[in-house]
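Structure record follows, encoded as structure tokens.
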Amino acid sequence: MLKMAAMTIRKSESLKFYKYLCQKIESEKVVRTRRLAFTIRDIGHRSTLIASGSKGEGLYLNGSDFDIKLVDPNFKVYQSEKEVQNQCFAIPLIMNTEETQPCFTQLWLFNDNIELNPNVLEKNYRGCMLSSKLYKLCYKNFADAKIPSLFLGKIHGPCISNIHDTLDVAWCLKCDKWIFQAKPWISRPRTTWPSPKIISKVKYTDENIYLGSLKHKHTFNHIHKLVLSLMKKEKLHTVIKSFTINPIYFKVKSSIIPQELQLDVANTGKFFHSLPFAHFLSFLCYYHQHDISSCRQSLQRLKYFEGTLGDCGTKCFYPKSVDSLIFCGIAHQLMGEACVAKQAFQAAARFDTFHMTSARSRLFSLVRRFHTCYFVCNFV
């Protein structure tokens with residue numbers, strides 16, 4: 001009887017704790033859906049961008065940052081020189097764990113004749129070795145120029161963090177095989193978790209399956225197959241919202257692009273990210289119908305998307321995020337809010353280091369018009 005009573009108490013406490021967690025981090029279904037959404041998004045980025053940390057696991061905790069891994073395609077890690085593939089595009093790096101602490105490795109350049117610019121290598125008696133310090137400094141400079149979310153960021157451990165400490169990005173190097181240090185994880189003694197089924201799914205990620213189509217052969221690994229099976233259990237609209245949507249392209253001097261964006265295709269074709277473009281197009285429709293209230297709502301959605309880029313960087317990077325700023329600037333300018341429009345164009349121009357957008361041209365035109373108006377008003 002006492003044993004049954006103790007089990008009942010433990011079960012009751014577990015249920016209370018489960019309900020408490022549901023209040024704090026949502027239900028198991030919601031967490032699973034979030035995790036699935038990030039997994040699908042990672043697949044859409046062809047395994048070059050991987051959501052990590054608590055948010056990547058579907059846990060939205062107050063005060064937690066967003067962690068992203070970006071796989072560097074310029075290098076490939078091998079355990080030994082025998083494994084190096086000559087036809088591989090990436091620069092091969094060889095692991096050396098004989099002179100390091102446990103869980104650390106040195107990465108040696110397979111071919112010392114390769115010159116890298118910028119230089120991220122150190123030299124000693126054994127040859128050229130990848131420098132963690134120079135590598136992170138290189139990508140910090142890259143992030144300042146190319147990723148608005150990390151502008152004026154800092155090196156934080158293995159990551160580059162934004163100025164508000166809400167985003168951590170770690171550039172990673174890929175090894176296609178299980179390194180020998182990780183192999184004991186597969187067979188080490190366990191009591192309950194993880195189950196043998198989960199271990200087999202992690203172990204055999206190199207397994208490929210082929211789904212035929214009319215024109216192309218698509219390759220999916222074990223994780224892709226698992227995601228496809230999970231998708232069948234979720235609502236259709238949840239899955240659709242998680243898919244990667246192709247950008248919209250307008251040719252040079254396109255006749256179907258909105259008049260407000262003709263400057264962007266005056267000399268070259270232009271890609272626009274679909275979601276902010278849809279919000280901006282919605283704004284223009286309401287604006288030309290003189291529906292100011294709906295204009296404000298569309299502009300708010302557009303600014304929310306642009307803010308999401310600035311806070312966590314998960315939707316898209318340069319130059320699409322710059323286009324979102326330009327959309328906001330045009331919208332505010334049409335609404336007669338010249339000062340706010342100027343701020344948006346200035347931010348876009350600051351990030352557009354290679355003059356790939358209309359940000360500077362729009363800023364110059366707005367400032368010139370503002371000064372002309374100010375002069376005429378004072379003269380009158």
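Convention: chains lettered A, B, ... in structure tokens order; per-chain residue numbering from 1; ligands numbered from 1 as shown.
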Contacts of Ile248 of chain A at 9 Å (only C-alpha atoms; same-chain gap of 6+ positions) as a ChimeraX atom specification: /A:270-274,277
Using only C-alpha atoms: which of A:Leu137, A:Arg188, A:Thr357, A:Leu152 has the shortest distance to Val265 of chain A: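 Result for the nearest residue to Val265 of chain A: A:Thr357.
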Selection: 9 Å around Ala347 of chain A, only C-alpha atoms, excl. self and same-chain fewer than 6 positions, as JSON, numbers by chain: {"A": [322, 325, 326, 359]}
Who sits within 10 Å of Lys253 of chain A, only C-alpha atoms, same chain under 6 positions skipped, as a list of chain:residue names: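 Within the cut-off, the hits are A:Gln262, A:Leu263, A:Asp264, A:Val265, A:Ala266, A:Asn267, A:Thr268, A:Gly269, A:Lys270.
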Coordinates-based distance that separates atom CA of Leu93 of chain A from atom CA of Cys128 of chain A (Å, one decimal):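 Atom CA of Leu93 of chain A lies at a distance of 9.9 Å from atom CA of Cys128 of chain A.
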Interatomic distance, atom CA of Ile9 of chain A to atom CA of Gln23 of chain A (Å, one decimal):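 Separating atom CA of Ile9 of chain A from atom CA of Gln23 of chain A is a distance of 21.2 Å.
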From A:Met356, A:Leu334, A:Val77, A:Ile40, residue lying nearest Cys172 of chain A [only C-alpha atoms]: A:Val77
Distance in Å - atom CA of Asn162 of chain A versus atom CA of Tyr60 of chain A: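 Between atom CA of Asn162 of chain A and atom CA of Tyr60 of chain A the gap works out to 18.8 Å.
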Residue list (strand (DSSP E or B), DSSP) for segment 3-136 of chain A, as a PyMOL selection string: chain A and resi 49-52+66-78+91-96+106-109+121-124+127-130
Writer output for current selection, N, CA, C and O atoms, as a compact mmCIF listing (two decimals), in the first residue's frame:
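Written output follows (out28.txt):
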# COMPACT_ATOMS: atom_id res chain seq x y z
N LEU A 49 23.55 25.70 -42.96
CA LEU A 49 23.10 26.45 -41.80
C LEU A 49 22.33 25.51 -40.89
O LEU A 49 21.41 24.83 -41.32
N ILE A 50 22.73 25.45 -39.61
CA ILE A 50 22.13 24.52 -38.66
C ILE A 50 21.71 25.28 -37.41
O ILE A 50 22.55 25.89 -36.73
N ALA A 51 20.41 25.28 -37.12
CA ALA A 51 19.91 25.91 -35.90
C ALA A 51 20.30 25.06 -34.70
O ALA A 51 20.16 23.83 -34.73
N SER A 52 20.79 25.69 -33.63
CA SER A 52 21.31 24.96 -32.49
C SER A 52 20.78 25.58 -31.20
O SER A 52 19.97 26.50 -31.21
N PHE A 66 20.01 33.04 -29.59
CA PHE A 66 19.80 32.14 -30.72
C PHE A 66 21.15 31.69 -31.23
O PHE A 66 22.03 32.52 -31.50
N ASP A 67 21.33 30.37 -31.33
CA ASP A 67 22.61 29.78 -31.74
C ASP A 67 22.50 29.19 -33.14
O ASP A 67 21.57 28.42 -33.42
N ILE A 68 23.45 29.55 -33.99
CA ILE A 68 23.47 29.06 -35.37
C ILE A 68 24.86 28.54 -35.69
O ILE A 68 25.87 29.14 -35.33
N LYS A 69 24.90 27.39 -36.35
CA LYS A 69 26.15 26.88 -36.90
C LYS A 69 26.14 27.10 -38.41
O LYS A 69 25.15 26.76 -39.07
N LEU A 70 27.21 27.64 -38.95
CA LEU A 70 27.37 27.80 -40.39
C LEU A 70 28.54 26.93 -40.83
O LEU A 70 29.66 27.10 -40.36
N VAL A 71 28.27 25.98 -41.71
CA VAL A 71 29.31 25.06 -42.18
C VAL A 71 30.14 25.77 -43.25
O VAL A 71 29.61 26.22 -44.27
N ASP A 72 31.44 25.87 -43.00
CA ASP A 72 32.36 26.52 -43.94
C ASP A 72 32.67 25.57 -45.09
O ASP A 72 33.31 24.53 -44.89
N PRO A 73 32.26 25.91 -46.32
CA PRO A 73 32.49 25.01 -47.46
C PRO A 73 33.93 25.06 -47.98
O PRO A 73 34.28 24.27 -48.86
N ASN A 74 34.74 25.96 -47.45
CA ASN A 74 36.10 26.13 -47.97
C ASN A 74 37.08 25.08 -47.45
O ASN A 74 38.16 24.92 -48.01
N PHE A 75 36.70 24.39 -46.36
CA PHE A 75 37.59 23.40 -45.77
C PHE A 75 36.85 22.08 -45.55
O PHE A 75 35.63 22.05 -45.40
N LYS A 76 37.60 20.98 -45.51
CA LYS A 76 37.07 19.67 -45.18
C LYS A 76 38.08 18.97 -44.27
O LYS A 76 39.29 18.96 -44.55
N VAL A 77 37.60 18.40 -43.17
CA VAL A 77 38.46 17.80 -42.16
C VAL A 77 38.54 16.28 -42.38
O VAL A 77 37.51 15.63 -42.63
N TYR A 78 39.76 15.73 -42.27
CA TYR A 78 40.00 14.30 -42.39
C TYR A 78 40.80 13.82 -41.19
O TYR A 78 41.60 14.58 -40.62
N ILE A 91 39.46 22.71 -49.22
CA ILE A 91 40.87 22.55 -48.82
C ILE A 91 40.95 21.52 -47.70
O ILE A 91 40.30 21.68 -46.65
N PRO A 92 41.70 20.44 -47.86
CA PRO A 92 41.75 19.39 -46.83
C PRO A 92 42.61 19.79 -45.63
O PRO A 92 43.70 20.34 -45.78
N LEU A 93 42.08 19.48 -44.44
CA LEU A 93 42.79 19.68 -43.18
C LEU A 93 42.88 18.34 -42.47
O LEU A 93 41.91 17.59 -42.41
N ILE A 94 44.05 18.02 -41.90
CA ILE A 94 44.30 16.74 -41.25
C ILE A 94 44.30 16.92 -39.73
O ILE A 94 44.95 17.83 -39.21
N MET A 95 43.56 16.06 -39.02
CA MET A 95 43.50 16.13 -37.56
C MET A 95 44.80 15.62 -36.93
O MET A 95 45.40 14.66 -37.40
N ASN A 96 45.19 16.27 -35.84
CA ASN A 96 46.31 15.81 -35.03
C ASN A 96 45.92 15.97 -33.56
O ASN A 96 45.79 17.10 -33.06
N GLN A 106 44.39 19.66 -33.36
CA GLN A 106 45.03 20.59 -34.28
C GLN A 106 44.64 20.20 -35.70
O GLN A 106 44.42 19.03 -35.99
N LEU A 107 44.53 21.19 -36.57
CA LEU A 107 44.15 20.94 -37.96
C LEU A 107 45.28 21.43 -38.86
O LEU A 107 45.53 22.64 -38.95
N TRP A 108 45.95 20.47 -39.49
CA TRP A 108 47.10 20.78 -40.32
C TRP A 108 46.71 20.84 -41.78
O TRP A 108 45.91 20.05 -42.26
N LEU A 109 47.34 21.76 -42.49
CA LEU A 109 47.09 21.90 -43.92
C LEU A 109 47.72 20.73 -44.65
O LEU A 109 48.91 20.43 -44.48
N LEU A 121 46.36 30.89 -41.05
CA LEU A 121 47.26 29.80 -40.72
C LEU A 121 48.40 30.27 -39.82
O LEU A 121 48.81 31.44 -39.85
N GLU A 122 48.91 29.33 -39.02
CA GLU A 122 50.12 29.52 -38.24
C GLU A 122 51.16 28.50 -38.71
O GLU A 122 50.81 27.39 -39.11
N LYS A 123 52.42 28.88 -38.64
CA LYS A 123 53.49 27.98 -39.08
C LYS A 123 54.38 27.62 -37.90
O LYS A 123 54.67 28.44 -37.04
N ASN A 124 54.80 26.36 -37.86
CA ASN A 124 55.81 25.92 -36.90
C ASN A 124 56.65 24.82 -37.55
O ASN A 124 56.63 24.66 -38.77
N GLY A 127 54.78 22.45 -40.02
CA GLY A 127 54.12 22.96 -41.22
C GLY A 127 53.09 24.03 -40.90
O GLY A 127 53.27 24.79 -39.95
N CYS A 128 52.01 24.06 -41.68
CA CYS A 128 50.97 25.09 -41.51
C CYS A 128 49.76 24.50 -40.79
O CYS A 128 49.26 23.43 -41.15
N MET A 129 49.29 25.23 -39.78
CA MET A 129 48.17 24.78 -38.96
C MET A 129 47.11 25.88 -38.91
O MET A 129 47.43 27.07 -38.87
N LEU A 130 45.85 25.49 -38.94
CA LEU A 130 44.75 26.45 -38.86
C LEU A 130 44.76 27.13 -37.49
O LEU A 130 44.81 26.46 -36.46
Which residues, written as an mmCIF file with C-alpha atoms, in the first residue's frame, have at least one atom at most 10 Å from Glu57 of chain A, with only C-alpha atoms counted and residues fewer than 2 positions away on the same chain left out?
data_model
loop_
_atom_site.group_PDB
_atom_site.id
_atom_site.type_symbol
_atom_site.label_atom_id
_atom_site.label_comp_id
_atom_site.auth_asym_id
_atom_site.auth_seq_id
_atom_site.Cartn_x
_atom_site.Cartn_y
_atom_site.Cartn_z
ATOM 1 C CA VAL A 31 8.055 21.971 -29.004
ATOM 2 C CA ARG A 32 8.140 19.071 -31.482
ATOM 3 C CA THR A 33 6.624 21.280 -34.187
ATOM 4 C CA ARG A 34 9.202 24.023 -33.582
ATOM 5 C CA ARG A 35 12.019 21.490 -33.737
ATOM 6 C CA LEU A 36 10.603 20.071 -36.961
ATOM 7 C CA PHE A 38 14.015 24.240 -37.764
ATOM 8 C CA THR A 39 15.014 20.833 -39.145
ATOM 9 C CA ALA A 51 19.910 25.911 -35.899
ATOM 10 C CA SER A 52 21.312 24.961 -32.488
ATOM 11 C CA GLY A 53 20.920 25.630 -28.797
ATOM 12 C CA SER A 54 17.651 25.752 -26.883
ATOM 13 C CA LYS A 55 15.685 27.449 -29.672
ATOM 14 C CA LEU A 59 12.565 25.556 -26.346
ATOM 15 C CA TYR A 60 11.839 29.290 -26.318
#
Quick one: pick out all alpha helix (DSSP H) residues within segment 247-331 of chain A from a backbone DSSP run and write them as a PDB file with C-alpha atoms, in the first residue's frame.
ATOM      1  CA  SER A 274       9.499  36.545 -51.070  1.00  0.00           C
ATOM      2  CA  LEU A 275       8.183  37.292 -47.582  1.00  0.00           C
ATOM      3  CA  PRO A 276       9.239  40.955 -47.149  1.00  0.00           C
ATOM      4  CA  PHE A 277       8.360  41.605 -50.792  1.00  0.00           C
ATOM      5  CA  ALA A 278       4.856  40.223 -50.160  1.00  0.00           C
ATOM      6  CA  HIS A 279       4.415  42.536 -47.151  1.00  0.00           C
ATOM      7  CA  PHE A 280       5.690  45.510 -49.162  1.00  0.00           C
ATOM      8  CA  LEU A 281       3.403  44.666 -52.083  1.00  0.00           C
ATOM      9  CA  SER A 282       0.497  44.492 -49.636  1.00  0.00           C
ATOM     10  CA  PHE A 283       1.451  47.933 -48.335  1.00  0.00           C
ATOM     11  CA  LEU A 284       1.509  49.376 -51.869  1.00  0.00           C
ATOM     12  CA  CYS A 285      -1.917  47.950 -52.686  1.00  0.00           C
ATOM     13  CA  TYR A 286      -3.469  49.522 -49.608  1.00  0.00           C
ATOM     14  CA  TYR A 287      -1.548  52.760 -50.167  1.00  0.00           C
ATOM     15  CA  HIS A 288      -2.911  53.215 -53.682  1.00  0.00           C
ATOM     16  CA  ILE A 292      -4.137  54.144 -44.325  1.00  0.00           C
ATOM     17  CA  SER A 293      -5.124  51.789 -41.501  1.00  0.00           C
ATOM     18  CA  SER A 294      -4.301  48.691 -43.565  1.00  0.00           C
ATOM     19  CA  CYS A 295      -1.115  50.434 -44.776  1.00  0.00           C
ATOM     20  CA  ARG A 296       0.027  50.688 -41.166  1.00  0.00           C
ATOM     21  CA  GLN A 297      -0.691  47.016 -40.557  1.00  0.00           C
ATOM     22  CA  SER A 298       1.290  45.900 -43.619  1.00  0.00           C
ATOM     23  CA  LEU A 299       4.161  48.196 -42.664  1.00  0.00           C
ATOM     24  CA  GLN A 300       4.133  46.752 -39.156  1.00  0.00           C
ATOM     25  CA  ARG A 301       4.428  43.219 -40.553  1.00  0.00           C
ATOM     26  CA  LEU A 302       7.272  44.346 -42.795  1.00  0.00           C
ATOM     27  CA  LYS A 303       9.097  45.968 -39.873  1.00  0.00           C
ATOM     28  CA  TYR A 304       8.551  42.837 -37.792  1.00  0.00           C
ATOM     29  CA  PHE A 305      10.262  40.762 -40.479  1.00  0.00           C
ATOM     30  CA  GLU A 306      13.122  43.252 -40.728  1.00  0.00           C
ATOM     31  CA  GLY A 307      13.413  43.208 -36.931  1.00  0.00           C
ATOM     32  CA  THR A 308      13.533  39.412 -36.940  1.00  0.00           C
ATOM     33  CA  LEU A 309      16.537  39.620 -39.262  1.00  0.00           C
ATOM     34  CA  GLY A 310      18.262  42.029 -36.920  1.00  0.00           C
ATOM     35  CA  ASP A 311      17.562  40.004 -33.772  1.00  0.00           C
ATOM     36  CA  CYS A 312      18.244  36.418 -34.759  1.00  0.00           C
ATOM     37  CA  LYS A 320      18.009  40.401 -48.668  1.00  0.00           C
ATOM     38  CA  SER A 321      17.980  42.032 -45.224  1.00  0.00           C
ATOM     39  CA  VAL A 322      19.142  45.310 -46.846  1.00  0.00           C
ATOM     40  CA  ASP A 323      16.198  45.103 -49.244  1.00  0.00           C
ATOM     41  CA  SER A 324      13.856  44.835 -46.257  1.00  0.00           C
ATOM     42  CA  LEU A 325      15.286  48.079 -44.874  1.00  0.00           C
ATOM     43  CA  ILE A 326      14.792  49.720 -48.273  1.00  0.00           C
ATOM     44  CA  PHE A 327      11.174  48.527 -48.364  1.00  0.00           C
ATOM     45  CA  CYS A 328      10.631  50.119 -44.942  1.00  0.00           C
ATOM     46  CA  GLY A 329      12.270  53.358 -46.113  1.00  0.00           C
ATOM     47  CA  ILE A 330      10.091  53.585 -49.232  1.00  0.00           C
ATOM     48  CA  ALA A 331       6.950  52.900 -47.198  1.00  0.00           C
TER      49      ALA A 331
END
